[in-house]
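Asks: Here it is, the structure, as structure tokens.
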Amino acid sequence: MKAALSTPAGERTFSRSVRLARIVLASASPRRYELLRSLGLEVEVVPSGYEEPALDGVTPEELASLHAAAKLRAVQARRAGSAILAADTVVDLDGTALGKPDDPAGAARMLVSLSGREHRVHTAFALALPGLPALHERVTTRVRFYRLTPAEIDEYVATGEPLDKAGGYGIQGRAASLVEAIEGDFYTVMGLPLARFIRAVRRSGFTLPVPNEPRLA
């Protein structure tokens with residue numbers, strides 16, 4: 001059993017660490033997969049099957065947290081005792097949650113609504129680590145788009161990128177040219193606040209693989 005230590009922020013951390021080498025990702029997101037792999041982790045993809053229903057009476061940031069928690073619970077039922085990460089990203093325009101567009105026309109409408117304006121991106125994650133209660137965190141980043149021309153919107157929609165992304169864009173792809181500024185964590189907009197995830201792992205008494213260390217077979 002690891003001995004708990006107090007921190008100035010009142011968070012709990014531990015005097016001894018356990019190496020975290022593998023994690024189950026409760027998502028089919030290639031972006032989250034690559035971010036976790038960049039940390040040297042072996043990643044098993046187990047989509048949650050959760051349908052992300054619309055929920056009345058909750059804010060966009062609450063929606064992200066509720067969806068992430070539900071995805072975690074769904075995969076915990078199949079991978080009990082494993083390290084599991086679930087996450088959800090919601091684009092928030094003036095208090096309205098923008099999900100993934102249903103078709104190219106829907107993507108174009110979303111981009112028109114974001115053009116020349118600031119919006120917020122909320123990414124929540126739920127993390128289960130062996131022997132510990134689940135951790136739940138959420139990070140928000142502000143994003144401002146350039147004023148987009150109809151030609152810019154049509155050209156971006158034609159790439160097909162918007163169709164599997166909240167708000168109809170992916171900042172790490174061709175939509176980088178649409179973004180005038182961000183305030184906050186870039187990786188939150190990609191779909192996983194990487195620094196907060198790393199700090200949550202370390203705070204819980206686990207360490208990540210050493211850079212250039214051979215991966216497990």
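Each chain in the structure tokens gets a letter, A, B, ..., in the order shown, and its residues are numbered from 1; ligands are numbered from 1 in order too.
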If you run DSSP on the backbone, which residues of chain A are strand (DSSP E or B), as a ChimeraX atom specification?

Replies: /A:4-6,12-14,18-19,22-25,42-45,84-93,96-98,118-128,135-145,179-183,206-207

Asks: Generate a file of the selected residues that holds C-alpha atoms, formatted as a PDB file, in the first residue's frame.

Replies:
ATOM      1  CA  ALA A   4      -0.261   9.200   1.093  1.00  0.00           C
ATOM      2  CA  LEU A   5       1.367  12.611   1.264  1.00  0.00           C
ATOM      3  CA  SER A   6      -0.398  15.976   1.466  1.00  0.00           C
ATOM      4  CA  ARG A  12      -3.358  13.512  -2.427  1.00  0.00           C
ATOM      5  CA  THR A  13      -0.188  12.029  -3.840  1.00  0.00           C
ATOM      6  CA  PHE A  14       1.914   8.992  -2.908  1.00  0.00           C
ATOM      7  CA  VAL A  18       4.025   2.071  -9.871  1.00  0.00           C
ATOM      8  CA  ARG A  19       4.860   2.018 -13.572  1.00  0.00           C
ATOM      9  CA  ARG A  22      -0.704  -0.161 -20.571  1.00  0.00           C
ATOM     10  CA  ILE A  23      -4.042   1.579 -20.701  1.00  0.00           C
ATOM     11  CA  VAL A  24      -7.444   0.844 -22.204  1.00  0.00           C
ATOM     12  CA  LEU A  25      -8.841   3.719 -24.267  1.00  0.00           C
ATOM     13  CA  GLU A  42       0.635   0.491 -24.884  1.00  0.00           C
ATOM     14  CA  VAL A  43      -2.968   1.323 -25.779  1.00  0.00           C
ATOM     15  CA  GLU A  44      -5.854  -1.110 -26.179  1.00  0.00           C
ATOM     16  CA  VAL A  45      -8.808   0.470 -27.952  1.00  0.00           C
ATOM     17  CA  ILE A  84      -8.985   2.814 -18.422  1.00  0.00           C
ATOM     18  CA  LEU A  85      -9.308   6.297 -19.889  1.00  0.00           C
ATOM     19  CA  ALA A  86     -12.541   7.745 -21.266  1.00  0.00           C
ATOM     20  CA  ALA A  87     -12.969  11.275 -22.590  1.00  0.00           C
ATOM     21  CA  ASP A  88     -15.516  13.514 -24.239  1.00  0.00           C
ATOM     22  CA  THR A  89     -15.151  16.836 -26.046  1.00  0.00           C
ATOM     23  CA  VAL A  90     -17.941  19.386 -26.439  1.00  0.00           C
ATOM     24  CA  VAL A  91     -17.765  22.597 -28.443  1.00  0.00           C
ATOM     25  CA  ASP A  92     -19.698  25.327 -26.642  1.00  0.00           C
ATOM     26  CA  LEU A  93     -21.026  28.298 -28.615  1.00  0.00           C
ATOM     27  CA  THR A  96     -25.146  25.627 -26.897  1.00  0.00           C
ATOM     28  CA  ALA A  97     -23.328  22.319 -27.329  1.00  0.00           C
ATOM     29  CA  LEU A  98     -22.192  21.574 -30.866  1.00  0.00           C
ATOM     30  CA  GLU A 118     -15.043  32.947 -29.979  1.00  0.00           C
ATOM     31  CA  HIS A 119     -16.249  29.651 -28.585  1.00  0.00           C
ATOM     32  CA  ARG A 120     -15.167  27.317 -25.805  1.00  0.00           C
ATOM     33  CA  VAL A 121     -14.049  23.716 -26.038  1.00  0.00           C
ATOM     34  CA  HIS A 122     -14.602  21.505 -22.996  1.00  0.00           C
ATOM     35  CA  THR A 123     -12.826  18.158 -22.747  1.00  0.00           C
ATOM     36  CA  ALA A 124     -13.596  15.955 -19.763  1.00  0.00           C
ATOM     37  CA  PHE A 125     -11.824  12.740 -18.949  1.00  0.00           C
ATOM     38  CA  ALA A 126     -12.565   9.904 -16.559  1.00  0.00           C
ATOM     39  CA  LEU A 127      -9.625   7.769 -15.478  1.00  0.00           C
ATOM     40  CA  ALA A 128      -9.725   4.433 -13.686  1.00  0.00           C
ATOM     41  CA  LEU A 135     -10.757  10.340 -11.287  1.00  0.00           C
ATOM     42  CA  HIS A 136     -12.840  12.921 -13.134  1.00  0.00           C
ATOM     43  CA  GLU A 137     -11.387  16.123 -14.572  1.00  0.00           C
ATOM     44  CA  ARG A 138     -12.384  18.741 -17.131  1.00  0.00           C
ATOM     45  CA  VAL A 139     -10.452  21.453 -18.965  1.00  0.00           C
ATOM     46  CA  THR A 140     -11.762  24.370 -21.029  1.00  0.00           C
ATOM     47  CA  THR A 141      -9.974  26.259 -23.810  1.00  0.00           C
ATOM     48  CA  ARG A 142     -11.195  29.349 -25.655  1.00  0.00           C
ATOM     49  CA  VAL A 143     -10.907  29.349 -29.443  1.00  0.00           C
ATOM     50  CA  ARG A 144     -11.472  32.202 -31.873  1.00  0.00           C
ATOM     51  CA  PHE A 145     -12.021  31.648 -35.593  1.00  0.00           C
ATOM     52  CA  VAL A 179      -8.207  29.374 -36.076  1.00  0.00           C
ATOM     53  CA  GLU A 180      -7.102  32.917 -35.273  1.00  0.00           C
ATOM     54  CA  ALA A 181      -6.212  32.343 -31.617  1.00  0.00           C
ATOM     55  CA  ILE A 182      -6.607  30.013 -28.666  1.00  0.00           C
ATOM     56  CA  GLU A 183      -6.476  30.742 -24.954  1.00  0.00           C
ATOM     57  CA  PHE A 206       1.852   5.915 -11.034  1.00  0.00           C
ATOM     58  CA  THR A 207       4.663   6.782 -13.438  1.00  0.00           C
TER      59      THR A 207
END

Asks: If you run DSSP on the backbone, which residues of stretch 66-118 of chain A are alpha helix (DSSP H), as a list of chain:residue names?

Replies: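 Output for stretch 66-118 of chain A, alpha helix (DSSP H) only: A:Leu66, A:His67, A:Ala68, A:Ala69, A:Ala70, A:Lys71, A:Leu72, A:Arg73, A:Ala74, A:Val75, A:Gln76, A:Pro104, A:Ala105, A:Gly106, A:Ala107, A:Ala108, A:Arg109, A:Met110, A:Leu111, A:Val112, A:Ser113, A:Leu114.
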
Asks: Could you pull the residues within 10 Å of A:Ala175, counting only C-alpha atoms, minus those fewer than 4 positions along the same chain, as a list of chain:residue names?

Replies: A:Phe145, A:Glu152, A:Ile153, A:Tyr156, A:Val157, A:Glu161, A:Pro162, A:Gly168, A:Tyr169, A:Gly170, A:Ile171, A:Val179

Asks: Can you measure atom CA of A:Leu178 to atom CA of A:Ser27 for me? One decimal in Å is fine.

Replies: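 Interatomic distance here is 26.3 Å.
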
Asks: List the neighbours of A:Val112 out to 9 Å using only C-alpha atoms; skip same-chain residues closer than 3 positions along the sequence, and give me the result as a list of chain:residue names.

Replies: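 My list of contacting residues is A:Ala107, A:Ala108, A:Arg109, A:Ser115, A:Gly116, A:Arg147, A:Leu148, A:Thr149, A:Pro150, A:Ile153.
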
Asks: Suppose we keep C-alpha atoms; can you now write the selection as an mmCIF file, in the first residue's frame?

Replies:
data_model
loop_
_atom_site.group_PDB
_atom_site.id
_atom_site.type_symbol
_atom_site.label_atom_id
_atom_site.label_comp_id
_atom_site.auth_asym_id
_atom_site.auth_seq_id
_atom_site.Cartn_x
_atom_site.Cartn_y
_atom_site.Cartn_z
ATOM 1 C CA ALA A 107 -20.727 20.749 -40.897
ATOM 2 C CA ALA A 108 -20.996 23.849 -43.085
ATOM 3 C CA ARG A 109 -23.711 25.301 -40.842
ATOM 4 C CA SER A 115 -16.935 32.135 -38.184
ATOM 5 C CA GLY A 116 -15.399 35.302 -36.724
ATOM 6 C CA ARG A 147 -14.044 35.334 -40.363
ATOM 7 C CA LEU A 148 -14.457 32.585 -42.924
ATOM 8 C CA THR A 149 -15.467 33.007 -46.544
ATOM 9 C CA PRO A 150 -17.997 30.632 -48.107
ATOM 10 C CA ILE A 153 -15.909 26.653 -45.588
#

Asks: Go through A:Asp185, A:Asp56, A:Asp164, A:Asp94 and flag the residue nearest A:Gly106, using only C-alpha atoms for the distances.

Replies: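 The closest residue to A:Gly106 is A:Asp164.
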
Asks: Please, what distance in Å, to one decimal, runs between atom CA of A:Val210 and atom CA of A:Gly40?

Replies: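 Value for the atom CA of A:Val210-atom CA of A:Gly40 distance: 7.4 Å.
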
Asks: Check the smallest atom-to-atom distance from each of A:Ser48, A:Pro130, A:Gly191, A:Gly167 to A:Ser113 using only C-alpha atoms, then report the winner.

Replies: A:Gly167

Asks: Could you tell me how far atom CA of A:Leu55 lies from atom CA of A:Leu111, in Å and to one decimal?

Replies: 23.2 Å

Asks: Would you list the contacts of A:Arg32 as a list of chain:residue names, taking every protein, DNA or RNA residue within 8 Å and counting only C-alpha atoms, but skipping same-chain residues closer than 2 positions in sequence?

Replies: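 In the requested format, the answer is A:Ser27, A:Ser29, A:Pro30, A:Glu34, A:Leu35, A:Leu36, A:Met190, A:Gly191, A:Leu192.
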